[in-house]
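model_13.csv, holding CSV, C-alpha atoms:
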chain,number,residue,atom,x,y,z
A,1,MET,CA,-45.1,19.1,43.0
A,2,LYS,CA,-43.5,15.7,43.7
A,3,PHE,CA,-40.7,14.5,41.4
A,4,GLY,CA,-42.8,12.3,39.1
A,5,THR,CA,-45.3,15.1,38.6
A,6,LYS,CA,-42.6,17.6,37.9
A,7,ALA,CA,-41.0,15.2,35.4
A,8,ILE,CA,-44.2,15.1,33.4
A,9,HIS,CA,-45.5,18.7,33.8
A,10,ALA,CA,-42.8,21.2,34.9
A,11,GLY,CA,-42.0,23.9,32.3
A,12,GLN,CA,-44.6,22.5,29.9
A,13,GLU,CA,-48.0,23.9,29.0
A,14,PRO,CA,-50.3,22.9,26.2
A,15,ASP,CA,-49.4,24.7,23.0
A,16,PRO,CA,-51.5,28.0,23.0
A,17,THR,CA,-52.2,27.8,19.2
A,18,THR,CA,-53.4,24.2,18.9
A,19,GLY,CA,-53.7,22.8,22.5
A,20,ALA,CA,-51.0,20.2,21.7
A,21,ILE,CA,-50.0,18.4,24.9
A,22,MET,CA,-46.5,17.8,23.8
A,23,THR,CA,-44.2,20.8,23.4
A,24,PRO,CA,-43.8,21.3,19.6
A,25,ILE,CA,-40.5,21.0,17.8
A,26,TYR,CA,-39.8,24.6,16.8
A,27,GLN,CA,-37.6,23.8,13.8
A,28,THR,CA,-36.7,27.3,13.0
A,29,SER,CA,-33.4,29.3,12.9
A,30,THR,CA,-35.0,32.8,13.3
A,31,TYR,CA,-38.2,34.6,14.2
A,32,ALA,CA,-40.2,37.4,12.7
A,33,GLN,CA,-40.1,40.9,14.3
A,34,ALA,CA,-42.8,43.5,14.0
A,35,SER,CA,-40.2,46.3,14.2
A,36,PRO,CA,-36.5,46.2,15.0
A,37,GLY,CA,-36.3,44.9,18.6
A,38,GLN,CA,-40.0,44.2,18.8
A,39,HIS,CA,-40.5,40.4,18.9
A,40,LYS,CA,-42.3,37.8,20.9
A,41,GLY,CA,-39.3,36.9,23.1
A,42,TYR,CA,-37.4,35.0,20.5
A,43,GLU,CA,-34.9,36.6,18.0
A,44,TYR,CA,-32.5,33.9,16.8
A,45,ALA,CA,-32.4,30.2,17.6
A,46,ARG,CA,-28.9,30.1,18.9
A,47,THR,CA,-30.0,32.4,21.6
A,48,GLN,CA,-33.5,31.0,22.3
A,49,ASN,CA,-35.8,28.3,21.0
A,50,PRO,CA,-39.2,27.5,22.6
A,51,THR,CA,-38.6,23.7,22.7
A,52,ARG,CA,-35.3,24.3,24.5
A,53,THR,CA,-36.9,26.8,26.8
A,54,ALA,CA,-39.4,24.2,27.9
A,55,LEU,CA,-36.7,21.6,28.5
A,56,GLU,CA,-34.5,24.0,30.5
A,57,ALA,CA,-37.4,24.9,32.7
A,58,ASN,CA,-38.2,21.3,33.2
A,59,LEU,CA,-34.6,20.3,34.1
A,60,ALA,CA,-34.2,23.2,36.5
A,61,ALA,CA,-37.4,22.1,38.3
A,62,LEU,CA,-36.1,18.6,38.6
A,63,GLU,CA,-32.9,19.8,40.2
A,64,ASN,CA,-34.7,22.4,42.4
A,65,ALA,CA,-32.7,25.1,40.6
A,66,ARG,CA,-34.0,28.5,39.6
A,67,PHE,CA,-32.2,28.6,36.3
A,68,GLY,CA,-31.2,26.0,33.7
A,69,ARG,CA,-29.2,26.1,30.4
A,70,CYS,CA,-28.9,23.2,27.9
A,71,PHE,CA,-25.9,22.5,25.7
A,72,SER,CA,-25.1,20.3,22.8
A,73,SER,CA,-23.2,17.8,25.0
A,74,GLY,CA,-22.1,17.3,28.6
A,75,MET,CA,-18.6,18.5,27.5
A,76,GLY,CA,-20.2,21.6,26.1
A,77,ALA,CA,-21.7,22.2,29.6
A,78,THR,CA,-18.4,21.6,31.2
A,79,ASP,CA,-16.7,24.0,28.8
A,80,ALA,CA,-19.2,26.7,29.5
A,81,ILE,CA,-18.5,26.5,33.3
A,82,LEU,CA,-14.8,26.7,32.8
A,83,LYS,CA,-15.2,29.8,30.5
A,84,THR,CA,-16.6,31.7,33.5
A,85,LEU,CA,-13.1,31.6,35.1
A,86,GLU,CA,-10.0,33.7,34.6
A,87,PRO,CA,-6.3,32.8,33.9
A,88,GLY,CA,-4.6,32.1,37.2
A,89,ASP,CA,-7.7,30.7,38.9
A,90,GLU,CA,-7.3,27.4,40.6
A,91,ILE,CA,-9.7,24.5,40.5
A,92,VAL,CA,-9.8,21.5,42.9
A,93,SER,CA,-11.3,18.3,41.6
A,94,THR,CA,-11.4,14.6,42.4
A,95,ASN,CA,-8.6,12.2,41.3
A,96,ASP,CA,-11.3,9.7,40.3
A,97,LEU,CA,-12.9,11.7,37.4
A,98,TYR,CA,-14.5,11.0,34.0
A,99,GLY,CA,-11.8,10.9,31.4
A,100,GLY,CA,-13.3,13.5,29.2
A,101,THR,CA,-13.5,16.0,32.0
A,102,TYR,CA,-9.9,15.3,32.9
A,103,ARG,CA,-8.9,15.7,29.3
A,104,ILE,CA,-10.6,19.2,28.9
A,105,PHE,CA,-9.1,20.3,32.2
A,106,THR,CA,-5.5,19.3,31.5
A,107,LYS,CA,-5.2,19.3,27.7
A,108,ILE,CA,-7.2,22.5,26.9
A,109,TYR,CA,-7.7,24.8,29.9
A,110,GLU,CA,-4.3,24.4,31.5
A,111,ARG,CA,-2.9,25.9,28.4
A,112,TYR,CA,-5.1,29.0,29.1
A,113,GLY,CA,-3.7,29.6,32.6
A,114,LEU,CA,-6.1,27.6,34.8
A,115,LYS,CA,-4.5,25.4,37.5
A,116,PHE,CA,-6.0,22.0,38.4
A,117,THR,CA,-5.4,20.0,41.5
A,118,PHE,CA,-6.7,16.4,41.8
A,119,VAL,CA,-7.3,14.9,45.2
A,120,ASN,CA,-9.2,12.0,46.8
A,121,MET,CA,-12.4,13.9,47.7
A,122,GLN,CA,-13.5,11.2,50.1
A,123,ASP,CA,-10.7,12.5,52.3
A,124,LEU,CA,-12.0,15.9,53.5
A,125,GLU,CA,-8.6,16.7,55.0
A,126,ALA,CA,-7.0,16.3,51.5
A,127,VAL,CA,-9.6,18.6,50.1
A,128,LYS,CA,-9.0,21.2,52.8
A,129,LYS,CA,-5.2,21.0,52.2
A,130,ALA,CA,-5.7,21.5,48.4
A,131,LEU,CA,-7.7,24.7,48.8
A,132,SER,CA,-6.0,28.1,48.6
A,133,PRO,CA,-7.1,31.8,48.3
A,134,LYS,CA,-6.8,31.4,44.5
A,135,THR,CA,-9.3,28.5,44.4
A,136,ARG,CA,-12.3,29.7,42.5
A,137,LEU,CA,-14.0,26.4,41.8
A,138,VAL,CA,-14.4,23.0,43.4
A,139,TRP,CA,-15.5,20.3,40.9
A,140,ILE,CA,-17.3,17.4,42.5
A,141,GLU,CA,-18.3,14.2,40.8
A,142,THR,CA,-20.4,11.7,42.8
A,143,PRO,CA,-20.8,8.8,42.4
A,144,THR,CA,-17.5,9.0,40.5
A,145,ASN,CA,-16.9,7.4,37.1
A,146,PRO,CA,-15.9,4.6,37.2
A,147,MET,CA,-14.9,3.8,40.8
A,148,MET,CA,-18.3,4.7,42.3
A,149,SER,CA,-16.7,6.8,45.0
A,150,ILE,CA,-19.1,8.9,47.1
A,151,VAL,CA,-18.2,12.5,47.9
A,152,ASP,CA,-19.9,14.2,50.8
A,153,ILE,CA,-21.4,17.2,48.8
A,154,GLU,CA,-22.4,19.3,51.8
A,155,ALA,CA,-19.1,18.9,53.6
A,156,VAL,CA,-17.1,19.8,50.5
A,157,VAL,CA,-19.4,22.7,49.7
A,158,ASN,CA,-18.7,24.1,53.2
A,159,LEU,CA,-14.9,23.7,52.7
A,160,ALA,CA,-15.1,25.6,49.4
A,161,LYS,CA,-17.1,28.4,51.0
A,162,SER,CA,-14.4,28.8,53.6
A,163,VAL,CA,-12.0,30.1,50.8
A,164,GLY,CA,-14.8,31.8,48.8
A,165,ALA,CA,-14.8,29.2,46.1
A,166,LYS,CA,-17.9,28.1,44.1
A,167,THR,CA,-18.9,24.4,43.8
A,168,VAL,CA,-20.2,22.4,40.8
A,169,VAL,CA,-21.5,18.9,41.1
A,170,ASP,CA,-21.5,16.5,38.1
A,171,ASN,CA,-24.7,14.7,39.0
A,172,THR,CA,-24.8,12.5,35.9
A,173,PHE,CA,-24.5,9.1,37.6
A,174,ALA,CA,-27.2,9.8,40.2
A,175,SER,CA,-29.6,11.7,38.0
A,176,PRO,CA,-31.9,14.3,39.6
A,177,TYR,CA,-34.2,11.5,40.8
A,178,LEU,CA,-31.6,10.1,43.2
A,179,GLN,CA,-29.7,13.2,44.2
A,180,ASN,CA,-30.2,17.0,44.2
A,181,PRO,CA,-26.9,18.9,44.9
A,182,MET,CA,-28.5,22.3,44.9
A,183,ASP,CA,-30.4,21.3,48.1
A,184,MET,CA,-26.9,20.6,49.6
A,185,GLY,CA,-25.6,24.1,48.9
A,186,ALA,CA,-23.9,23.5,45.5
A,187,ASP,CA,-23.6,26.6,43.3
A,188,MET,CA,-24.1,24.7,40.1
A,189,VAL,CA,-25.2,21.2,39.0
A,190,MET,CA,-24.3,19.8,35.7
A,191,HIS,CA,-25.3,16.7,33.7
A,192,SER,CA,-24.5,14.8,30.7
A,193,VAL,CA,-28.2,14.7,29.7
A,194,THR,CA,-27.1,12.0,27.2
A,195,LYS,CA,-27.2,9.5,30.0
A,196,TYR,CA,-30.1,8.8,32.5
A,197,ILE,CA,-32.1,12.0,31.9
A,198,ALA,CA,-32.6,11.3,28.1
A,199,GLY,CA,-32.4,7.6,28.9
A,200,HIS,CA,-32.8,6.1,25.4
A,201,SER,CA,-29.3,6.3,23.9
A,202,ASP,CA,-30.6,8.6,21.1
A,203,VAL,CA,-29.5,12.1,22.2
A,204,VAL,CA,-26.2,13.9,23.1
A,205,MET,CA,-26.8,16.9,25.4
A,206,GLY,CA,-25.6,18.7,28.5
A,207,PHE,CA,-27.1,20.9,31.2
A,208,VAL,CA,-26.1,23.4,33.8
A,209,GLY,CA,-28.4,24.5,36.7
A,210,SER,CA,-27.9,27.3,39.2
A,211,ASN,CA,-29.8,29.5,41.7
A,212,ASP,CA,-27.7,32.6,41.4
A,213,PRO,CA,-28.8,35.0,38.7
A,214,LYS,CA,-25.2,36.2,38.2
A,215,ILE,CA,-24.0,32.7,37.6
A,216,ASP,CA,-26.9,32.0,35.2
A,217,GLU,CA,-26.1,35.3,33.4
A,218,GLN,CA,-22.5,34.1,32.9
A,219,ILE,CA,-23.6,30.7,31.7
A,220,ALA,CA,-26.2,32.1,29.4
A,221,PHE,CA,-23.6,34.5,27.9
A,222,VAL,CA,-21.3,31.7,27.1
A,223,GLN,CA,-24.1,29.5,25.8
A,224,ASN,CA,-25.1,32.3,23.3
A,225,SER,CA,-21.6,33.5,22.5
A,226,SER,CA,-19.9,30.1,22.0
A,227,GLY,CA,-23.0,28.5,20.5
A,228,ALA,CA,-22.8,24.9,21.8
A,229,VAL,CA,-26.6,24.7,21.8
A,230,PRO,CA,-28.8,21.6,21.3
A,231,GLY,CA,-31.3,21.5,18.4
A,232,PRO,CA,-35.0,21.5,19.0
A,233,GLN,CA,-35.4,17.8,17.8
A,234,ASP,CA,-33.0,16.7,20.5
A,235,CYS,CA,-34.8,18.9,23.1
A,236,PHE,CA,-38.1,17.3,22.2
A,237,LEU,CA,-36.6,13.8,22.6
A,238,VAL,CA,-35.2,14.6,26.0
A,239,LEU,CA,-38.6,16.1,27.1
A,240,ARG,CA,-40.2,12.8,26.1
A,241,GLY,CA,-37.5,10.7,27.9
A,242,ILE,CA,-37.8,12.7,31.1
A,243,LYS,CA,-41.5,11.8,31.5
A,244,THR,CA,-40.4,8.2,32.5
A,245,LEU,CA,-37.2,9.1,34.4
A,246,HIS,CA,-38.6,8.3,37.8
A,247,VAL,CA,-40.0,5.0,36.6
A,248,ARG,CA,-36.8,4.0,34.8
A,249,MET,CA,-34.6,4.9,37.7
A,250,ASP,CA,-36.5,2.7,40.1
A,251,ARG,CA,-35.9,-0.3,37.7
A,252,HIS,CA,-32.3,0.7,37.2
A,253,CYS,CA,-31.8,0.7,40.9
A,254,ASP,CA,-33.5,-2.6,41.5
A,255,ASN,CA,-31.7,-4.4,38.7
A,256,GLY,CA,-28.4,-2.8,39.8
A,257,GLU,CA,-28.6,-4.1,43.3
A,258,GLN,CA,-29.3,-7.6,42.1
A,259,VAL,CA,-26.4,-7.5,39.7
A,260,ALA,CA,-24.1,-6.1,42.3
A,261,ARG,CA,-24.9,-8.8,44.8
A,262,TYR,CA,-24.6,-11.5,42.2
A,263,LEU,CA,-21.1,-10.3,41.2
A,264,GLN,CA,-20.1,-9.9,44.9
A,265,ALA,CA,-20.7,-13.6,45.4
A,266,HIS,CA,-19.0,-14.7,42.2
A,267,PRO,CA,-15.7,-16.7,42.8
A,268,LYS,CA,-14.0,-15.1,39.7
A,269,VAL,CA,-14.8,-11.5,40.8
A,270,LYS,CA,-12.2,-9.9,43.1
A,271,HIS,CA,-14.1,-6.7,44.1
A,272,VAL,CA,-17.4,-4.9,43.2
A,273,TYR,CA,-17.8,-1.2,43.4
A,274,TRP,CA,-21.4,-0.2,44.3
A,275,PRO,CA,-22.3,2.4,46.9
A,276,GLY,CA,-25.2,0.2,48.3
A,277,PHE,CA,-22.8,-2.2,50.0
A,278,GLU,CA,-22.4,-1.5,53.7
A,279,ASN,CA,-18.7,-1.9,53.5
A,280,HIS,CA,-18.4,0.6,50.6
A,281,ALA,CA,-16.3,3.6,51.7
A,282,ASN,CA,-18.7,6.5,52.4
A,283,HIS,CA,-21.8,4.2,52.3
A,284,GLU,CA,-23.4,6.2,55.1
A,285,VAL,CA,-22.9,9.4,53.1
A,286,ALA,CA,-24.5,7.8,50.1
A,287,LYS,CA,-27.5,6.9,52.3
A,288,LYS,CA,-27.7,10.5,53.5
A,289,GLN,CA,-27.5,12.3,50.2
A,290,MET,CA,-29.0,9.8,47.7
A,291,LYS,CA,-32.5,8.3,47.4
A,292,ASN,CA,-31.1,5.0,46.2
A,293,PHE,CA,-27.8,3.7,44.9
A,294,GLY,CA,-28.2,3.7,41.2
A,295,GLY,CA,-27.6,1.2,38.3
A,296,MET,CA,-23.9,1.9,37.8
A,297,ILE,CA,-21.5,-0.9,38.9
A,298,SER,CA,-17.8,-1.5,38.4
A,299,PHE,CA,-16.0,-4.8,39.2
A,300,VAL,CA,-12.5,-6.2,39.1
A,301,LEU,CA,-11.8,-9.8,38.1
A,302,ALA,CA,-9.7,-12.2,40.2
A,303,ASP,CA,-7.5,-12.5,37.1
A,304,ASP,CA,-6.6,-8.8,37.1
A,305,SER,CA,-5.5,-8.6,33.4
A,306,GLN,CA,-6.8,-6.7,30.4
A,307,ALA,CA,-7.0,-10.0,28.5
A,308,ALA,CA,-9.4,-11.5,31.0
A,309,ALA,CA,-11.6,-8.4,31.0
A,310,PHE,CA,-11.7,-8.4,27.2
A,311,LYS,CA,-12.7,-12.0,27.1
A,312,VAL,CA,-15.7,-11.3,29.4
A,313,LEU,CA,-16.7,-8.3,27.4
A,314,GLU,CA,-16.5,-10.2,24.1
A,315,ASN,CA,-18.7,-13.0,25.6
A,316,LEU,CA,-21.5,-10.8,26.7
A,317,LYS,CA,-24.8,-11.1,24.7
A,318,VAL,CA,-27.5,-9.1,26.5
A,319,PHE,CA,-25.1,-6.4,27.8
A,320,THR,CA,-23.7,-4.5,24.8
A,321,LEU,CA,-20.0,-3.5,24.7
A,322,ALA,CA,-20.3,0.3,24.1
A,323,GLU,CA,-19.3,3.7,25.3
A,324,SER,CA,-21.9,5.7,27.4
A,325,LEU,CA,-24.4,4.7,30.0
A,326,GLY,CA,-27.8,5.4,31.5
A,327,GLY,CA,-29.9,4.0,28.6
A,328,VAL,CA,-32.7,1.5,29.0
A,329,GLU,CA,-30.4,-1.2,27.6
A,330,SER,CA,-27.6,-2.6,29.6
A,331,LEU,CA,-24.1,-1.6,28.5
A,332,ALA,CA,-20.6,-2.8,29.5
A,333,GLY,CA,-17.3,-1.0,29.0
A,334,HIS,CA,-13.6,-1.2,29.7
A,335,PRO,CA,-12.7,2.2,31.2
A,336,ALA,CA,-8.9,1.8,30.9
A,337,SER,CA,-9.1,1.5,27.1
A,338,MET,CA,-12.3,3.4,26.5
A,339,THR,CA,-13.8,6.2,28.6
A,340,HIS,CA,-10.6,6.8,30.7
A,341,ALA,CA,-7.9,6.2,28.1
A,342,SER,CA,-6.9,9.8,28.3
A,343,ILE,CA,-5.8,9.5,32.0
A,344,PRO,CA,-2.2,8.3,32.5
A,345,ARG,CA,-2.0,4.7,33.6
A,346,ASP,CA,-0.1,5.5,36.9
A,347,GLN,CA,-2.9,7.9,37.8
A,348,ARG,CA,-5.6,5.4,36.9
A,349,LEU,CA,-4.0,2.7,39.1
A,350,GLU,CA,-3.6,5.1,42.0
A,351,ALA,CA,-7.3,5.7,41.9
A,352,GLY,CA,-8.0,1.9,41.7
A,353,LEU,CA,-8.8,1.8,38.0
A,354,THR,CA,-7.0,-1.4,37.1
A,355,ASP,CA,-6.6,-3.1,33.7
A,356,SER,CA,-9.4,-5.6,34.4
A,357,LEU,CA,-12.0,-3.2,35.7
A,358,ILE,CA,-15.3,-3.5,33.9
A,359,ARG,CA,-18.0,-0.9,34.2
A,360,LEU,CA,-21.7,-1.9,33.9
A,361,SER,CA,-24.6,0.4,33.2
A,362,VAL,CA,-27.4,-1.9,34.3
A,363,GLY,CA,-30.5,-1.4,32.2
A,364,ILE,CA,-34.2,-2.2,32.7
A,365,GLU,CA,-34.4,-5.6,31.0
A,366,ASP,CA,-35.6,-8.7,33.0
A,367,ILE,CA,-33.1,-9.3,35.7
A,368,GLU,CA,-33.0,-13.1,35.1
A,369,ASP,CA,-31.6,-12.4,31.6
A,370,LEU,CA,-29.0,-10.0,32.9
A,371,ILE,CA,-27.8,-12.4,35.5
A,372,GLU,CA,-27.7,-15.3,33.1
A,373,ASP,CA,-25.7,-13.2,30.6
A,374,LEU,CA,-23.1,-12.4,33.3
A,375,LYS,CA,-23.0,-16.0,34.4
A,376,GLN,CA,-22.1,-17.3,30.9
A,377,ALA,CA,-19.7,-14.4,30.1
A,378,ILE,CA,-17.6,-14.7,33.3
A,379,GLY,CA,-17.7,-18.5,33.4
Please, can you express the file's structure as structure tokens?
Amino acid sequence: MKFGTKAIHAGQEPDPTTGAIMTPIYQTSTYAQASPGQHKGYEYARTQNPTRTALEANLAALENARFGRCFSSGMGATDAILKTLEPGDEIVSTNDLYGGTYRIFTKIYERYGLKFTFVNMQDLEAVKKALSPKTRLVWIETPTNPMMSIVDIEAVVNLAKSVGAKTVVDNTFASPYLQNPMDMGADMVMHSVTKYIAGHSDVVMGFVGSNDPKIDEQIAFVQNSSGAVPGPQDCFLVLRGIKTLHVRMDRHCDNGEQVARYLQAHPKVKHVYWPGFENHANHEVAKKQMKNFGGMISFVLADDSQAAAFKVLENLKVFTLAESLGGVESLAGHPASMTHASIPRDQRLEAGLTDSLIRLSVGIEDIEDLIEDLKQAIG
């Protein structure tokens, strides 16, 4: 099936009891057994839930993965992947990384004996140099948050394989509609489902997809043992949201391009980070591995100060100043003080994340209203 058809139908069958088209919300904590161990495939709702099963199958299909597991948040999915490692294992990741991922790496898992190295993953030589015989996992994020850096997934996967390391790609910014890391050799793909996949700012959820039954067995074991599972109501909402993912993403991309080009021409804007520009570093890689360039944009003001950025953010009326991204409504944020506050300032600046950088999640409103809002906010 093509993507749009999979989004609507994969993993979902009419309810066998009633014929209901939508997967029911199985709001139950446990299931009846005819005799000890004799059941209908479901024992306890932390371990399995039919609504969650349908969602996991649907998301796996969208990512061209054989297996999929959902979690109560994107950080829950990240946590599960890290729990498959052993003390002493080394992980190589990008130096331009979502702040929450950096925090769980350095503030939690370093204490348990994992070693993390952060490099500019656009520089393949830097990646190669960071790898060692102890490297067990390479964590790729592309496009990155918030600098929109593009990492060559296939090239980094091949480097990781040279030392026997597995790769995981955080595909949140692209969504499965724009990019499929499994097709490029990644061992795992993860998402903050909260964002584009759910798409309506009403659910928090994570996902891990894989093709290797051994990896899926490990992830499933952690999912059940640690218990960071989503509830059936949330799974139902995501299943509903996914049905319009392809339609929404086309509009996000169209609006995103027009906003990016407007900002690029604005005299009070110093630089715009959007992978669709031909002068964007690794633009050709983005063209190769992405279907389109997405609705995420970051920009730096000519007045590169936090005060100037705050003034713009306070003036916005259609864009909402808020954490998160990927919803149908347009959002704006200040990464240095919000999503990336956990990253030391010197490391932020080294990656280009300055005090005036503003990140936009361009929604699906009428583009004329979005442009007018930016015009009056920036001045």
Could you pull the residues within 8 Å of range 311-313 of chain A, counting only C-alpha atoms, minus those fewer than 4 positions along the same chain, as a tab-separated table (two decimals) with C-alpha atoms, keeping the file's coordinate frame?
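What landed in part-v6.tsv:
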chain	number	residue	atom	x	y	z
A	307	ALA	CA	-7.00	-10.00	28.50
A	321	LEU	CA	-20.00	-3.50	24.70
A	332	ALA	CA	-20.60	-2.80	29.50
A	333	GLY	CA	-17.30	-1.00	29.00
A	377	ALA	CA	-19.70	-14.40	30.10
A	378	ILE	CA	-17.60	-14.70	33.30
Quiz item: So which one's closest to Ser337 in chain A, A:Glu323, A:Glu141, A:Glu350, A:Glu217? Using only C-alpha atoms, please.
Solution: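 The shortest atom-to-atom distance to Ser337 in chain A comes from A:Glu323.
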Exercise. Excluding range 53-70 of chain A and any residue of its chain fewer than 4 positions from it, enumerate the residues within 7 Å of it, using all atoms listed in the file, and give them as a list of chain:residue names.
Key: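 Result of the neighbour search: A:Phe3, A:Lys6, A:Ala7, A:Ala10, A:Gly11, A:Gln12, A:Asn49, A:Pro176, A:Asn180, A:Met182, A:Gly206, A:Phe207, A:Val208, A:Gly209, A:Ser210, A:Asn211, A:Asp216, A:Ala220, A:Val229, A:Pro230, A:Cys235, A:Leu239.
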Kindly provide the residues of range 75-135 of chain A that approach range 153-169 of chain A to within 10 Å, each paired with its closest atom pair and their distance in Å to one decimal, based on all atoms listed in the file, listed by chain and increasing number, as JSON lines.
{"residue": "A:Thr78", "atom": "CA", "partner": "A:Val168", "partner_atom": "CA", "distance": 9.8}
{"residue": "A:Ile81", "atom": "CA", "partner": "A:Val168", "partner_atom": "CA", "distance": 8.7}
{"residue": "A:Glu90", "atom": "CA", "partner": "A:Ala165", "partner_atom": "CA", "distance": 9.5}
{"residue": "A:Ile91", "atom": "CA", "partner": "A:Ala165", "partner_atom": "CA", "distance": 8.9}
{"residue": "A:Val92", "atom": "CA", "partner": "A:Ala160", "partner_atom": "CA", "distance": 9.3}
{"residue": "A:Ser93", "atom": "CA", "partner": "A:Val168", "partner_atom": "CA", "distance": 9.8}
{"residue": "A:Met121", "atom": "CA", "partner": "A:Val156", "partner_atom": "CA", "distance": 8.0}
{"residue": "A:Gln122", "atom": "CA", "partner": "A:Val156", "partner_atom": "CA", "distance": 9.3}
{"residue": "A:Asp123", "atom": "CA", "partner": "A:Val156", "partner_atom": "CA", "distance": 9.9}
{"residue": "A:Leu124", "atom": "CA", "partner": "A:Val156", "partner_atom": "CA", "distance": 7.1}
{"residue": "A:Glu125", "atom": "CA", "partner": "A:Leu159", "partner_atom": "CA", "distance": 9.7}
{"residue": "A:Val127", "atom": "CA", "partner": "A:Val156", "partner_atom": "CA", "distance": 7.6}
{"residue": "A:Lys128", "atom": "CA", "partner": "A:Leu159", "partner_atom": "CA", "distance": 6.4}
{"residue": "A:Leu131", "atom": "CA", "partner": "A:Val163", "partner_atom": "CA", "distance": 7.2}
{"residue": "A:Ser132", "atom": "CA", "partner": "A:Val163", "partner_atom": "CA", "distance": 6.7}
{"residue": "A:Pro133", "atom": "CA", "partner": "A:Val163", "partner_atom": "CA", "distance": 5.8}
{"residue": "A:Lys134", "atom": "CA", "partner": "A:Val163", "partner_atom": "CA", "distance": 8.3}
{"residue": "A:Thr135", "atom": "CA", "partner": "A:Ala165", "partner_atom": "CA", "distance": 5.8}
Practice problem: Rank A:Ser356, A:Thr117, A:Gln233, A:Gln264 by their smallest atom-to-atom distance to Asp303 in chain A, using all atoms listed in the file, and report the top residue only. | Solution: A:Ser356
Practice problem: Kindly give the distance, in Å, that separates CA of Asp250 in chain A and CA of Gly231 in chain A, rounded to a single decimal. | Solution: 29.2 Å
Quiz prompt | d(CA of Leu301 in chain A, CA of Lys270 in chain A) in Å | solution =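 Distance between the two atoms: 5.0 Å.
The coordinates place CA of Ala351 in chain A at 28.3 Å from CA of Pro87 in chain A.
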Exercise. Find the spatial neighbours of Lys288 in chain A, counting all atoms listed in the file, within a cut-off of 12 Å - ignore same-chain residues fewer than 3 positions away - and output them as a ChimeraX atom specification.
Key: /A:150-154,178-180,184,275-276,282-285,291-293
Quiz item: Which of these residues is nearest to Pro24 in chain A, using all atoms listed in the file: A:Leu237, A:Ala302, A:Ile358, A:Leu325?
Solution: A:Leu237
Reconstructed range 132-143 of chain A, atom set N, CA and C atoms, as an mmCIF file, keeping the file's coordinate frame:
data_model
loop_
_atom_site.group_PDB
_atom_site.id
_atom_site.type_symbol
_atom_site.label_atom_id
_atom_site.label_comp_id
_atom_site.auth_asym_id
_atom_site.auth_seq_id
_atom_site.Cartn_x
_atom_site.Cartn_y
_atom_site.Cartn_z
ATOM 1 N N SER A 132 -6.891 26.943 48.353
ATOM 2 C CA SER A 132 -6.000 28.100 48.600
ATOM 3 C C SER A 132 -6.859 29.372 48.311
ATOM 4 N N PRO A 133 -6.326 30.535 48.642
ATOM 5 C CA PRO A 133 -7.100 31.800 48.300
ATOM 6 C C PRO A 133 -7.329 31.973 46.849
ATOM 7 N N LYS A 134 -6.588 31.255 45.984
ATOM 8 C CA LYS A 134 -6.800 31.400 44.500
ATOM 9 C C LYS A 134 -7.809 30.352 44.010
ATOM 10 N N THR A 135 -8.278 29.461 44.883
ATOM 11 C CA THR A 135 -9.300 28.500 44.400
ATOM 12 C C THR A 135 -10.583 29.186 44.132
ATOM 13 N N ARG A 136 -11.034 29.040 42.910
ATOM 14 C CA ARG A 136 -12.300 29.700 42.500
ATOM 15 C C ARG A 136 -13.414 28.678 42.277
ATOM 16 N N LEU A 137 -13.025 27.410 42.068
ATOM 17 C CA LEU A 137 -14.000 26.400 41.800
ATOM 18 C C LEU A 137 -13.613 25.053 42.323
ATOM 19 N N VAL A 138 -14.574 24.362 42.942
ATOM 20 C CA VAL A 138 -14.400 23.000 43.400
ATOM 21 C C VAL A 138 -15.321 22.109 42.554
ATOM 22 N N TRP A 139 -14.726 21.166 41.810
ATOM 23 C CA TRP A 139 -15.500 20.300 40.900
ATOM 24 C C TRP A 139 -15.702 18.961 41.522
ATOM 25 N N ILE A 140 -16.958 18.675 41.879
ATOM 26 C CA ILE A 140 -17.300 17.400 42.500
ATOM 27 C C ILE A 140 -17.989 16.498 41.534
ATOM 28 N N GLU A 141 -17.607 15.232 41.578
ATOM 29 C CA GLU A 141 -18.300 14.200 40.800
ATOM 30 C C GLU A 141 -18.670 13.093 41.779
ATOM 31 N N THR A 142 -19.959 12.795 41.905
ATOM 32 C CA THR A 142 -20.400 11.700 42.800
ATOM 33 C C THR A 142 -21.721 11.172 42.442
ATOM 34 N N PRO A 143 -21.869 9.842 42.371
ATOM 35 C CA PRO A 143 -20.800 8.800 42.400
ATOM 36 C C PRO A 143 -19.824 9.091 41.256
#
